[in-house]
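Below is the file entry-v5.pdb, which contains PDB, C-alpha atoms.
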ATOM      1  CA  MET A 986     102.632 118.768  81.373
ATOM      2  CA  LEU A 987     100.565 117.825  84.385
ATOM      3  CA  GLU A 988      97.311 119.759  84.790
ATOM      4  CA  ASN A 989      97.564 120.065  88.553
ATOM      5  CA  ASN A 990      94.216 121.803  88.988
ATOM      6  CA  THR A 991      92.152 119.141  87.219
ATOM      7  CA  LEU A 992      93.665 116.223  89.164
ATOM      8  CA  ILE A 993      91.104 116.726  91.929
ATOM      9  CA  TRP A 994      88.432 115.342  89.564
ATOM     10  CA  LEU A 995      90.494 112.206  89.051
ATOM     11  CA  PHE A 996      90.922 111.829  92.815
ATOM     12  CA  LEU A 997      87.181 112.255  93.384
ATOM     13  CA  GLY A 998      86.555 109.478  90.846
ATOM     14  CA  MET A 999      89.112 107.254  92.575
ATOM     15  CA  PHE A1000      87.506 108.066  95.918
ATOM     16  CA  ILE A1001      84.023 107.038  94.730
ATOM     17  CA  VAL A1002      85.065 103.676  93.252
ATOM     18  CA  THR A1003      87.184 102.926  96.343
ATOM     19  CA  TYR A1004      84.609 104.028  98.906
ATOM     20  CA  LEU A1005      81.586 102.151  97.509
ATOM     21  CA  PRO A1006      83.023  98.619  98.035
ATOM     22  CA  ARG A1007      84.170  99.774 101.480
ATOM     23  CA  VAL A1008      80.855 101.199 102.639
ATOM     24  CA  LEU A1009      78.063  99.173 100.999
ATOM     25  CA  PRO A1010      78.648  95.692 102.503
ATOM     26  CA  LEU A1011      79.078  97.003 106.049
ATOM     27  CA  THR A1012      76.119  99.392 106.043
ATOM     28  CA  ILE A1013      73.777  96.895 104.350
ATOM     29  CA  LEU A1014      74.859  93.523 105.798
ATOM     30  CA  SER A1015      74.994  94.810 109.385
ATOM     31  CA  ARG A1016      71.208  95.470 109.159
ATOM     32  CA  LEU A1017      70.379  91.966 107.958
ATOM     33  CA  LYS A1018      70.118  88.650 109.734
ATOM     34  CA  LEU A1019      72.685  86.673 107.756
ATOM     35  CA  PRO A1020      72.242  82.946 107.007
ATOM     36  CA  LYS A1021      74.488  80.606 108.990
ATOM     37  CA  PHE A1022      76.535  79.605 105.948
ATOM     38  CA  ILE A1023      77.481  83.234 105.230
ATOM     39  CA  ILE A1024      78.445  83.843 108.872
ATOM     40  CA  ASP A1025      80.597  80.705 108.840
ATOM     41  CA  VAL A1026      82.323  81.759 105.602
ATOM     42  CA  LEU A1027      82.935  85.285 106.953
ATOM     43  CA  ASN A1028      84.554  83.645 109.978
ATOM     44  CA  TYR A1029      87.344  82.243 107.783
ATOM     45  CA  ILE A1030      87.662  85.288 105.492
ATOM     46  CA  PRO A1031      90.111  87.296 107.684
ATOM     47  CA  VAL A1032      92.766  84.591 108.020
ATOM     48  CA  ALA A1033      92.307  83.708 104.328
ATOM     49  CA  ILE A1034      92.778  87.354 103.295
ATOM     50  CA  LEU A1035      95.915  87.700 105.425
ATOM     51  CA  GLY A1036      97.422  84.569 103.884
ATOM     52  CA  ALA A1037      96.498  85.797 100.400
ATOM     53  CA  LEU A1038      98.153  89.179 101.054
ATOM     54  CA  LEU A1039     101.243  87.834 102.799
ATOM     55  CA  LEU A1040     102.511  85.096 100.493
ATOM     56  CA  PRO A1041     102.841  87.233  97.326
ATOM     57  CA  ALA A1042     104.347  90.041  99.462
ATOM     58  CA  LEU A1043     107.085  87.693 100.698
ATOM     59  CA  LEU A1044     107.782  85.766  97.504
ATOM     60  CA  VAL A1045     107.221  88.189  94.608
ATOM     61  CA  ILE A1046     109.993  90.786  94.308
ATOM     62  CA  ASP A1047     109.755  93.343  91.478
ATOM     63  CA  GLY A1048     107.050  91.253  89.811
ATOM     64  CA  LYS A1049     109.079  88.035  89.813
ATOM     65  CA  LEU A1050     108.801  84.929  91.983
ATOM     66  CA  ASP A1051     112.007  84.756  94.020
ATOM     67  CA  ILE A1052     112.586  81.754  96.288
ATOM     68  CA  SER A1053     116.279  82.161  97.060
ATOM     69  CA  LEU A1054     118.699  83.518  99.653
ATOM     70  CA  ASN A1055     118.730  86.811  97.715
ATOM     71  CA  ASN A1056     115.119  87.445  98.746
ATOM     72  CA  TYR A1057     115.403  89.302 102.054
ATOM     73  CA  PHE A1058     111.624  89.439 102.451
ATOM     74  CA  LEU A1059     111.486  85.641 102.422
ATOM     75  CA  LEU A1060     114.384  85.329 104.897
ATOM     76  CA  ALA A1061     113.013  87.997 107.241
ATOM     77  CA  GLY A1062     109.583  86.332 106.893
ATOM     78  CA  VAL A1063     110.913  82.960 108.040
ATOM     79  CA  ILE A1064     112.651  84.591 111.023
ATOM     80  CA  THR A1065     109.480  86.510 111.941
ATOM     81  CA  ILE A1066     107.327  83.358 111.693
ATOM     82  CA  ILE A1067     109.715  81.601 114.091
ATOM     83  CA  VAL A1068     109.511  84.564 116.497
ATOM     84  CA  SER A1069     105.699  84.484 116.280
ATOM     85  CA  ILE A1070     105.701  80.886 117.537
ATOM     86  CA  PHE A1071     107.313  82.020 120.794
ATOM     87  CA  THR A1072     105.436  85.269 121.430
ATOM     88  CA  LYS A1073     102.009  86.527 120.427
ATOM     89  CA  LYS A1074     102.777  90.146 121.313
ATOM     90  CA  LEU A1075     102.267  92.014 118.033
ATOM     91  CA  PHE A1076     104.666  94.849 118.730
ATOM     92  CA  VAL A1077     107.461  92.455 119.666
ATOM     93  CA  ILE A1078     106.887  90.505 116.447
ATOM     94  CA  VAL A1079     106.883  93.660 114.306
ATOM     95  CA  LEU A1080     110.074  95.002 115.919
ATOM     96  CA  ALA A1081     111.749  91.587 115.567
ATOM     97  CA  GLY A1082     110.818  91.543 111.866
ATOM     98  CA  ILE A1083     112.175  95.055 111.282
ATOM     99  CA  PHE A1084     115.367  94.206 113.177
ATOM    100  CA  ALA A1085     115.794  90.970 111.184
ATOM    101  CA  MET A1086     115.397  92.915 107.928
ATOM    102  CA  PHE A1087     117.856  95.565 109.161
ATOM    103  CA  LEU A1088     120.472  92.892 109.922
ATOM    104  CA  LEU A1089     119.886  91.079 106.621
ATOM    105  CA  VAL A1090     120.109  94.194 104.441
ATOM    106  CA  ASN A1091     123.181  95.572 106.187
ATOM    107  CA  PHE A1092     125.186  92.470 107.070
ATOM    108  CA  LEU A1093     124.208  89.509 104.850
ATOM    109  CA  PRO A1094     125.988  90.912 101.746
ATOM    110  CA  ILE A1095     129.167  91.321 103.840
ATOM    111  CA  ILE A1096     128.920  87.776 105.221
ATOM    112  CA  LEU A1097     128.255  86.224 101.805
ATOM    113  CA  ALA A1098     130.961  88.286 100.079
TER     114      ALA A1098
ATOM    115  CA  MET B1193      84.901 104.764 128.448
ATOM    116  CA  ARG B1194      84.432 105.519 124.755
ATOM    117  CA  LYS B1195      87.349 107.915 124.783
ATOM    118  CA  ASN B1196      89.361 105.125 126.317
ATOM    119  CA  ASN B1197      88.471 102.753 123.455
ATOM    120  CA  PHE B1198      89.453 105.435 120.964
ATOM    121  CA  LEU B1199      92.880 105.665 122.620
ATOM    122  CA  ILE B1200      93.263 101.868 122.576
ATOM    123  CA  GLY B1201      92.616 102.058 118.841
ATOM    124  CA  VAL B1202      95.254 104.782 118.484
ATOM    125  CA  LYS B1203      97.737 102.618 120.383
ATOM    126  CA  ASP B1204      96.942  99.530 118.287
ATOM    127  CA  SER B1205      97.601 101.486 115.094
ATOM    128  CA  LEU B1206     101.283 101.992 115.917
ATOM    129  CA  PRO B1207     102.555  98.993 113.892
ATOM    130  CA  ILE B1208     100.581 100.341 110.903
ATOM    131  CA  VAL B1209     102.083 103.811 111.348
ATOM    132  CA  LEU B1210     105.558 102.297 111.460
ATOM    133  CA  GLY B1211     104.862 100.534 108.168
ATOM    134  CA  TYR B1212     103.097 103.453 106.467
ATOM    135  CA  ILE B1213     105.918 105.965 106.994
ATOM    136  CA  PRO B1214     108.434 104.401 104.564
ATOM    137  CA  ILE B1215     105.742 103.477 101.999
ATOM    138  CA  GLY B1216     104.145 106.932 102.226
ATOM    139  CA  LEU B1217     107.509 108.659 101.769
ATOM    140  CA  THR B1218     108.234 106.445  98.745
ATOM    141  CA  LEU B1219     104.874 107.297  97.195
ATOM    142  CA  GLY B1220     105.455 111.009  97.797
ATOM    143  CA  VAL B1221     108.853 110.882  96.116
ATOM    144  CA  ALA B1222     107.401 108.997  93.113
ATOM    145  CA  ALA B1223     104.505 111.474  92.866
ATOM    146  CA  ARG B1224     106.867 114.452  92.926
ATOM    147  CA  GLU B1225     108.745 112.911  90.010
ATOM    148  CA  VAL B1226     105.601 112.842  87.826
ATOM    149  CA  GLY B1227     104.850 116.465  88.709
ATOM    150  CA  PHE B1228     102.606 116.347  91.797
ATOM    151  CA  LEU B1229     102.372 119.466  93.928
ATOM    152  CA  PHE B1230     101.742 119.401  97.668
ATOM    153  CA  MET B1231      98.012 120.067  97.170
ATOM    154  CA  ASN B1232      97.706 117.116  94.749
ATOM    155  CA  MET B1233      99.328 114.661  97.151
ATOM    156  CA  PHE B1234      97.334 116.019 100.073
ATOM    157  CA  SER B1235      93.965 115.699  98.318
ATOM    158  CA  MET B1236      94.748 112.258  96.880
ATOM    159  CA  SER B1237      95.906 110.722 100.166
ATOM    160  CA  ALA B1238      93.124 112.424 102.144
ATOM    161  CA  ILE B1239      90.198 111.140 100.068
ATOM    162  CA  VAL B1240      91.454 107.962  98.323
ATOM    163  CA  PHE B1241      93.524 106.491 101.202
ATOM    164  CA  ALA B1242      94.473 103.219  99.503
ATOM    165  CA  GLY B1243      98.192 102.613  99.124
ATOM    166  CA  SER B1244      98.624 100.236  96.209
ATOM    167  CA  SER B1245      96.019 101.978  94.038
ATOM    168  CA  GLN B1246      97.678 105.331  94.734
ATOM    169  CA  PHE B1247     101.031 103.948  93.549
ATOM    170  CA  ILE B1248      99.374 102.605  90.401
ATOM    171  CA  GLY B1249      97.466 105.870  89.935
ATOM    172  CA  VAL B1250     100.625 107.989  90.188
ATOM    173  CA  ASP B1251     102.364 105.648  87.765
ATOM    174  CA  MET B1252      99.501 105.875  85.247
ATOM    175  CA  ILE B1253      99.302 109.679  85.566
ATOM    176  CA  GLY B1254     103.017 109.782  84.752
ATOM    177  CA  ALA B1255     102.397 107.570  81.715
ATOM    178  CA  GLY B1256      99.610 109.891  80.537
ATOM    179  CA  ALA B1257      96.686 107.464  80.944
ATOM    180  CA  SER B1258      93.131 108.825  80.712
ATOM    181  CA  PHE B1259      91.200 109.582  83.916
ATOM    182  CA  ALA B1260      88.599 106.934  83.005
ATOM    183  CA  THR B1261      91.248 104.206  82.689
ATOM    184  CA  ILE B1262      92.841 105.167  85.998
ATOM    185  CA  ILE B1263      89.484 105.200  87.800
ATOM    186  CA  ALA B1264      88.501 101.804  86.364
ATOM    187  CA  THR B1265      91.849 100.321  87.422
ATOM    188  CA  THR B1266      91.444 101.800  90.901
ATOM    189  CA  PHE B1267      88.075 100.079  91.226
ATOM    190  CA  PHE B1268      89.583  96.674  90.424
ATOM    191  CA  VAL B1269      92.641  97.146  92.628
ATOM    192  CA  ASN B1270      90.536  98.161  95.639
ATOM    193  CA  PHE B1271      87.619  95.787  95.226
ATOM    194  CA  ARG B1272      89.094  93.400  97.824
ATOM    195  CA  HIS B1273      87.886  95.823 100.531
ATOM    196  CA  PHE B1274      84.408  94.526  99.698
ATOM    197  CA  MET B1275      85.127  91.276 101.557
ATOM    198  CA  MET B1276      86.749  93.084 104.493
ATOM    199  CA  SER B1277      83.726  95.335 104.858
ATOM    200  CA  SER B1278      81.493  92.231 104.745
ATOM    201  CA  ALA B1279      83.586  90.465 107.386
ATOM    202  CA  TYR B1280      83.113  93.413 109.777
ATOM    203  CA  ALA B1281      79.324  93.348 109.373
ATOM    204  CA  PRO B1282      78.441  90.626 111.934
ATOM    205  CA  HIS B1283      80.646  92.378 114.521
ATOM    206  CA  LEU B1284      79.051  95.821 114.047
ATOM    207  CA  ASN B1285      75.442  94.747 113.927
ATOM    208  CA  GLY B1286      72.924  97.457 114.774
ATOM    209  CA  LYS B1287      75.365 100.389 114.848
ATOM    210  CA  LYS B1288      74.238 103.722 113.416
ATOM    211  CA  THR B1289      74.559 104.034 109.633
ATOM    212  CA  TRP B1290      76.468 107.334 109.732
ATOM    213  CA  ALA B1291      78.996 105.827 112.135
ATOM    214  CA  LEU B1292      79.435 102.787 109.865
ATOM    215  CA  ALA B1293      79.862 105.127 106.890
ATOM    216  CA  ILE B1294      82.741 106.929 108.638
ATOM    217  CA  VAL B1295      84.365 103.715 109.845
ATOM    218  CA  SER B1296      84.158 102.047 106.422
ATOM    219  CA  PHE B1297      86.191 104.844 104.807
ATOM    220  CA  GLY B1298      89.147 103.755 106.937
ATOM    221  CA  ILE B1299      89.114 100.086 105.872
ATOM    222  CA  THR B1300      92.546  99.170 104.505
ATOM    223  CA  ASP B1301      94.382  95.823 104.434
ATOM    224  CA  GLU B1302      96.282  96.867 107.525
ATOM    225  CA  SER B1303      93.524  98.419 109.650
ATOM    226  CA  PHE B1304      91.259  95.494 108.783
ATOM    227  CA  ALA B1305      93.895  92.985 109.861
ATOM    228  CA  ILE B1306      94.192  94.627 113.296
ATOM    229  CA  GLY B1307      90.516  95.531 113.701
ATOM    230  CA  ILE B1308      89.077  92.131 112.820
ATOM    231  CA  THR B1309      91.562  90.422 115.168
ATOM    232  CA  LYS B1310      90.244  92.641 117.958
ATOM    233  CA  ALA B1311      86.647  91.861 116.968
ATOM    234  CA  LYS B1312      87.240  88.118 116.896
ATOM    235  CA  GLU B1313      88.825  88.223 120.344
ATOM    236  CA  LYS B1314      85.402  89.514 121.442
ATOM    237  CA  SER B1315      87.301  92.337 123.102
ATOM    238  CA  GLU B1316      85.105  94.793 125.017
ATOM    239  CA  SER B1317      87.037  97.721 123.580
ATOM    240  CA  PHE B1318      86.096  96.825 119.973
ATOM    241  CA  GLY B1319      83.492  99.116 118.447
ATOM    242  CA  ILE B1320      83.063 102.371 116.552
ATOM    243  CA  SER B1321      85.328 104.414 118.885
ATOM    244  CA  TYR B1322      88.069 101.812 118.703
ATOM    245  CA  LEU B1323      87.936 101.680 114.898
ATOM    246  CA  LEU B1324      87.965 105.483 114.641
ATOM    247  CA  GLY B1325      91.145 105.633 116.727
ATOM    248  CA  LEU B1326      92.768 102.778 114.814
ATOM    249  CA  GLU B1327      91.850 103.832 111.284
ATOM    250  CA  TYR B1328      92.184 107.583 111.472
ATOM    251  CA  THR B1329      95.598 107.467 113.162
ATOM    252  CA  ALA B1330      96.730 105.294 110.237
ATOM    253  CA  TRP B1331      95.042 107.750 107.834
ATOM    254  CA  LEU B1332      96.813 110.718 109.410
ATOM    255  CA  SER B1333     100.211 109.017 109.271
ATOM    256  CA  TRP B1334      99.598 108.138 105.607
ATOM    257  CA  LEU B1335      98.579 111.708 104.801
ATOM    258  CA  ILE B1336     101.586 113.220 106.564
ATOM    259  CA  SER B1337     104.192 110.789 105.228
ATOM    260  CA  THR B1338     103.046 111.026 101.593
ATOM    261  CA  CYS B1339     103.021 114.837 101.859
ATOM    262  CA  ILE B1340     106.523 114.919 103.388
ATOM    263  CA  GLY B1341     107.645 112.659 100.537
ATOM    264  CA  VAL B1342     106.342 115.056  97.897
ATOM    265  CA  LEU B1343     107.816 118.096  99.675
ATOM    266  CA  LEU B1344     111.288 116.708 100.312
ATOM    267  CA  GLY B1345     111.647 114.375  97.326
ATOM    268  CA  SER B1346     115.069 112.819  97.076
ATOM    269  CA  LEU B1347     116.322 114.905 100.018
ATOM    270  CA  ILE B1348     114.905 112.184 102.261
ATOM    271  CA  PRO B1349     117.740 110.129 103.766
ATOM    272  CA  ASP B1350     117.993 106.413 103.002
ATOM    273  CA  TYR B1351     115.364 104.746 105.170
ATOM    274  CA  GLN B1352     115.232 101.405 103.378
ATOM    275  CA  SER B1353     118.384 100.083 105.025
ATOM    276  CA  LEU B1354     116.612 100.534 108.371
ATOM    277  CA  GLY B1355     114.418  97.501 107.675
ATOM    278  CA  LEU B1356     111.205  99.523 108.018
ATOM    279  CA  ASP B1357     109.942  98.297 104.634
ATOM    280  CA  PHE B1358     109.336  94.931 106.301
ATOM    281  CA  ALA B1359     107.086  96.333 109.059
ATOM    282  CA  LEU B1360     103.738  95.542 107.391
ATOM    283  CA  CYS B1361     104.756  92.001 106.391
ATOM    284  CA  ALA B1362     105.878  91.383 109.974
ATOM    285  CA  MET B1363     102.548  92.766 111.202
ATOM    286  CA  PHE B1364     100.608  90.371 108.949
ATOM    287  CA  ILE B1365     102.647  87.443 110.271
ATOM    288  CA  GLY B1366     101.959  88.487 113.866
ATOM    289  CA  LEU B1367      98.222  88.823 113.218
ATOM    290  CA  ILE B1368      98.058  85.462 111.450
ATOM    291  CA  ALA B1369      99.797  83.892 114.458
ATOM    292  CA  ALA B1370      97.076  85.362 116.691
ATOM    293  CA  MET B1371      94.252  84.271 114.379
ATOM    294  CA  VAL B1372      95.280  80.671 113.728
ATOM    295  CA  LYS B1373      93.297  78.874 116.415
ATOM    296  CA  SER B1374      92.966  75.461 114.730
ATOM    297  CA  LYS B1375      94.551  73.289 112.050
ATOM    298  CA  MET B1376      91.718  74.335 109.739
ATOM    299  CA  HIS B1377      92.608  78.023 110.175
ATOM    300  CA  LEU B1378      96.234  77.247 109.347
ATOM    301  CA  ALA B1379      95.210  75.212 106.301
ATOM    302  CA  VAL B1380      92.909  78.023 105.102
ATOM    303  CA  CYS B1381      95.692  80.582 105.505
ATOM    304  CA  ILE B1382      98.307  78.543 103.626
ATOM    305  CA  LEU B1383      96.004  77.341 100.830
ATOM    306  CA  SER B1384      94.608  80.847 100.319
ATOM    307  CA  GLY B1385      98.182  82.180 100.165
ATOM    308  CA  ILE B1386      99.191  79.608  97.547
ATOM    309  CA  ILE B1387      96.120  80.224  95.359
ATOM    310  CA  SER B1388      96.630  83.990  95.661
ATOM    311  CA  LEU B1389     100.281  83.589  94.640
ATOM    312  CA  VAL B1390      99.387  81.415  91.632
ATOM    313  CA  LEU B1391      96.667  83.856  90.490
ATOM    314  CA  TYR B1392      99.106  86.739  90.928
ATOM    315  CA  GLN B1393     101.722  84.934  88.858
ATOM    316  CA  VAL B1394      99.305  84.258  85.986
ATOM    317  CA  GLY B1395      98.525  87.972  85.845
ATOM    318  CA  MET B1396      95.370  88.316  87.979
ATOM    319  CA  THR B1397      97.080  90.885  90.177
ATOM    320  CA  ASN B1398      93.852  92.681  91.103
ATOM    321  CA  PHE B1399      91.578  89.796  92.040
ATOM    322  CA  ASN B1400      94.032  87.282  93.479
ATOM    323  CA  VAL B1401      93.283  88.160  97.115
ATOM    324  CA  ILE B1402      89.489  88.236  96.941
ATOM    325  CA  ILE B1403      89.133  85.092  94.784
ATOM    326  CA  ALA B1404      91.587  83.063  96.892
ATOM    327  CA  ALA B1405      89.956  84.168 100.162
ATOM    328  CA  VAL B1406      86.355  83.501  99.086
ATOM    329  CA  VAL B1407      87.056  80.140  97.407
ATOM    330  CA  VAL B1408      89.130  78.751 100.276
ATOM    331  CA  SER B1409      86.762  80.044 102.999
ATOM    332  CA  CYS B1410      83.755  78.421 101.275
ATOM    333  CA  LEU B1411      85.739  75.209 100.877
ATOM    334  CA  ALA B1412      86.662  75.191 104.571
ATOM    335  CA  VAL B1413      83.032  75.656 105.635
ATOM    336  CA  GLY B1414      82.066  72.808 103.274
ATOM    337  CA  VAL B1415      84.642  70.552 104.918
ATOM    338  CA  ASP B1416      83.442  71.583 108.400
ATOM    339  CA  TYR B1417      79.832  70.747 107.491
ATOM    340  CA  ALA B1418      80.798  67.409 105.915
ATOM    341  CA  ARG B1419      82.611  66.391 109.109
ATOM    342  CA  LYS B1420      79.578  66.987 111.318
TER     343      LYS B1420
END

Could you spell out this file's structure in C-alpha cells?
Amino acid sequence: MLENNTLIWLFLGMFIVTYLPRVLPLTILSRLKLPKFIIDVLNYIPVAILGALLLPALLVIDGKLDISLNNYFLLAGVITIIVSIFTKKLFVIVLAGIFAMFLLVNFLPIILA
Amino acid sequence: MRKNNFLIGVKDSLPIVLGYIPIGLTLGVAAREVGFLFMNMFSMSAIVFAGSSQFIGVDMIGAGASFATIIATTFFVNFRHFMMSSAYAPHLNGKKTWALAIVSFGITDESFAIGITKAKEKSESFGISYLLGLEYTAWLSWLISTCIGVLLGSLIPDYQSLGLDFALCAMFIGLIAAMVKSKMHLAVCILSGIISLVLYQVGMTNFNVIIAAVVVSCLAVGVDYARK
C-alpha cells in the first residue's frame, strides 16, 4: 500500500537532484569569462541537443526501433519537416504536425485496410 | 517593457502547453493507477517538473522501488539539463543570481528549445522576464494537466486520436528548422541524432542526449578550427 504522506520526502529528493544540474552551470558560468573554445562548443549544443532528442522520439516506439509505415511518428515527422522547409512560423509548423498526426491516426488504417 | 517581455514569453510557451496537456493527463492517469492522491501529484509536478523522470518515478513507485533508487535514477535521467543550463550562461551574463536561480528551475527540454532559439536570434525581448513567462506558463500547464489526470483518471475522453501527442515532436522540428543556419548546423543536428539513437538502442537511455550533443559539438568546433 502506498504511503501517501511519506512521498513528499521522495519528491524533495527528486527535486534536489534535478535542480542542481539545472542551477549550478547557469549561476556559476554566467559569472565567468569563458574561453573561446567553450563558447564555440556551446554555440552548437542547442541544435545538437534538439537532434539528439528528436531522432529517438520519432524512430523508437515502445522501446523498439520502428522504421516502417506503421510508425505514425516517423510519417508525421517527415510531413512536418517538409512543412518546415516552406514556413518558419513555429505555430504553423506545430499545428501542421498535429493535423498530420490526426489524419494519419484516423484515416491511414482505413486507407490501408 | 519588462511586463511586455513576460507576456511574449507566455505567448511563446503556447506550443509547449499544447504538448504538455496530453502528456500531463497521461502521467496523471498512470499515477492514479499506482495509488497517487491529488496532493501527491500536485507536490511532485510542482517541485520536480521534469516529465520523463516523473513517468519513470511513478512507474518505480508502483513497482515498489526504494526512494534511494528512484532518486538516483532521477539524477541520471535529468542530468542532460546540465548542458542546457550551460548553454544559457553566455546569454544571461551578469544577471542577478537569485533571478538565475528562479529561471533555472524552469529549464526543460521544451522551454530550453524555445528559449535558446530566442537568445540566439539576439532578440531584444530575451531575458529574465521573457524566460519567467515562457517557463512558468509551461510549469502551470504541466501542474494543472497532471492534476486533472489524477483526479479524473480513465474518465478522460480519448485525446490521443486528436494528434496532440505529436505536438512536442513537431515543435522540435520547427525549432531545428529555425536554428539550422549552415550546412555545419545541419550536419551537427543529424549526426548528434544518429549517435543519440545508437546510444539509446544499446541501452544508454539516460546519457544518450548529453553524450551525443557534447561529442558532436566539440567535433564541429574542431572541424571549424581546422578549416581556418

What residues in chain B have any atom no more than 7 Å from chain A when counting all atoms listed in the file, and can you write them as JSON, numbers by chain?
{"B": [1207, 1227, 1232, 1236, 1239, 1240, 1259, 1263, 1266, 1267, 1270, 1271, 1273, 1274, 1277, 1278, 1279, 1280, 1281, 1282, 1284, 1285, 1286, 1289, 1292, 1293, 1296, 1297, 1299, 1353, 1354, 1355, 1356, 1358, 1359, 1361, 1362, 1363, 1364, 1365, 1366, 1368, 1369, 1370, 1371, 1377, 1380, 1381, 1382, 1384, 1385, 1388, 1389, 1401, 1404, 1405, 1406, 1409, 1410, 1413]}

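Using all atoms listed in the file, the shortest contact distance between B:Met1276 and any of B:Ile1306, B:Ile1340, B:Ala1330, B:Ile1208 is found at B:Ile1306.
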
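What separates atom CA of B:Asp1357 from atom CA of B:Ser1205 is a distance of 16.5 Å.
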
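For the pair atom CA of B:Gln1246 and atom CA of B:Phe1318, the interatomic distance is 29.0 Å.
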
Sphere at (101.7, 111.2, 95.2), radius 9 Å, counting only C-alpha atoms: residues as a PyMOL selection string:
chain B and resi 1216+1218-1230+1232-1234+1236-1237+1246-1247+1249-1250+1338-1339+1341-1342

Can you tell me how far atom CA of B:Ser1303 sits from atom CA of B:Ala1242, in Å to one decimal?
11.3 Å

For the PyMOL selection byres ((chain B and resi 1327) around 9), applied here, can you spell out every residue it catches as a PDB file with C-alpha atoms, in the frame of the given file?
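part05.pdb written:
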ATOM      1  CA  GLY B1201      92.616 102.058 118.841  1.00  0.00           C
ATOM      2  CA  VAL B1202      95.254 104.782 118.484  1.00  0.00           C
ATOM      3  CA  SER B1205      97.601 101.486 115.094  1.00  0.00           C
ATOM      4  CA  VAL B1295      84.365 103.715 109.845  1.00  0.00           C
ATOM      5  CA  PHE B1297      86.191 104.844 104.807  1.00  0.00           C
ATOM      6  CA  GLY B1298      89.147 103.755 106.937  1.00  0.00           C
ATOM      7  CA  ILE B1299      89.114 100.086 105.872  1.00  0.00           C
ATOM      8  CA  THR B1300      92.546  99.170 104.505  1.00  0.00           C
ATOM      9  CA  SER B1303      93.524  98.419 109.650  1.00  0.00           C
ATOM     10  CA  PHE B1304      91.259  95.494 108.783  1.00  0.00           C
ATOM     11  CA  GLY B1307      90.516  95.531 113.701  1.00  0.00           C
ATOM     12  CA  TYR B1322      88.069 101.812 118.703  1.00  0.00           C
ATOM     13  CA  LEU B1323      87.936 101.680 114.898  1.00  0.00           C
ATOM     14  CA  LEU B1324      87.965 105.483 114.641  1.00  0.00           C
ATOM     15  CA  GLY B1325      91.145 105.633 116.727  1.00  0.00           C
ATOM     16  CA  LEU B1326      92.768 102.778 114.814  1.00  0.00           C
ATOM     17  CA  TYR B1328      92.184 107.583 111.472  1.00  0.00           C
ATOM     18  CA  THR B1329      95.598 107.467 113.162  1.00  0.00           C
ATOM     19  CA  ALA B1330      96.730 105.294 110.237  1.00  0.00           C
ATOM     20  CA  TRP B1331      95.042 107.750 107.834  1.00  0.00           C
ATOM     21  CA  LEU B1332      96.813 110.718 109.410  1.00  0.00           C
TER      22      LEU B1332
END

Please provide the set of residues having any atom within 8 Å of A:Asn1056, restricted to all atoms listed in the file, with same-chain residues fewer than 4 positions apart removed, written as a ChimeraX atom specification.
/A:1044,1046,1051-1052,1060

For C-alpha atoms, please extract stretch 1041-1065 of chain A from the block and return it as an mmCIF file, in the first residue's frame.
data_model
loop_
_atom_site.group_PDB
_atom_site.id
_atom_site.type_symbol
_atom_site.label_atom_id
_atom_site.label_comp_id
_atom_site.auth_asym_id
_atom_site.auth_seq_id
_atom_site.Cartn_x
_atom_site.Cartn_y
_atom_site.Cartn_z
ATOM 1 C CA PRO A 1041 14.828 8.679 -30.883
ATOM 2 C CA ALA A 1042 11.399 10.302 -30.320
ATOM 3 C CA LEU A 1043 10.479 9.732 -33.976
ATOM 4 C CA LEU A 1044 12.033 6.312 -34.514
ATOM 5 C CA VAL A 1045 11.758 4.441 -31.198
ATOM 6 C CA ILE A 1046 8.196 3.322 -30.435
ATOM 7 C CA ASP A 1047 7.582 1.381 -27.200
ATOM 8 C CA GLY A 1048 11.326 0.836 -26.810
ATOM 9 C CA LYS A 1049 11.806 -0.622 -30.290
ATOM 10 C CA LEU A 1050 13.322 0.892 -33.428
ATOM 11 C CA ASP A 1051 10.498 1.158 -35.959
ATOM 12 C CA ILE A 1052 11.289 2.379 -39.477
ATOM 13 C CA SER A 1053 8.098 1.413 -41.290
ATOM 14 C CA LEU A 1054 4.760 2.776 -42.479
ATOM 15 C CA ASN A 1055 3.247 1.608 -39.170
ATOM 16 C CA ASN A 1056 5.239 4.278 -37.325
ATOM 17 C CA TYR A 1057 2.972 7.334 -37.369
ATOM 18 C CA PHE A 1058 5.569 9.448 -35.568
ATOM 19 C CA LEU A 1059 8.015 8.869 -38.418
ATOM 20 C CA LEU A 1060 5.382 9.637 -41.083
ATOM 21 C CA ALA A 1061 4.105 12.748 -39.299
ATOM 22 C CA GLY A 1062 7.758 13.758 -38.758
ATOM 23 C CA VAL A 1063 8.533 13.594 -42.477
ATOM 24 C CA ILE A 1064 5.422 15.658 -43.278
ATOM 25 C CA THR A 1065 6.329 18.235 -40.611
#
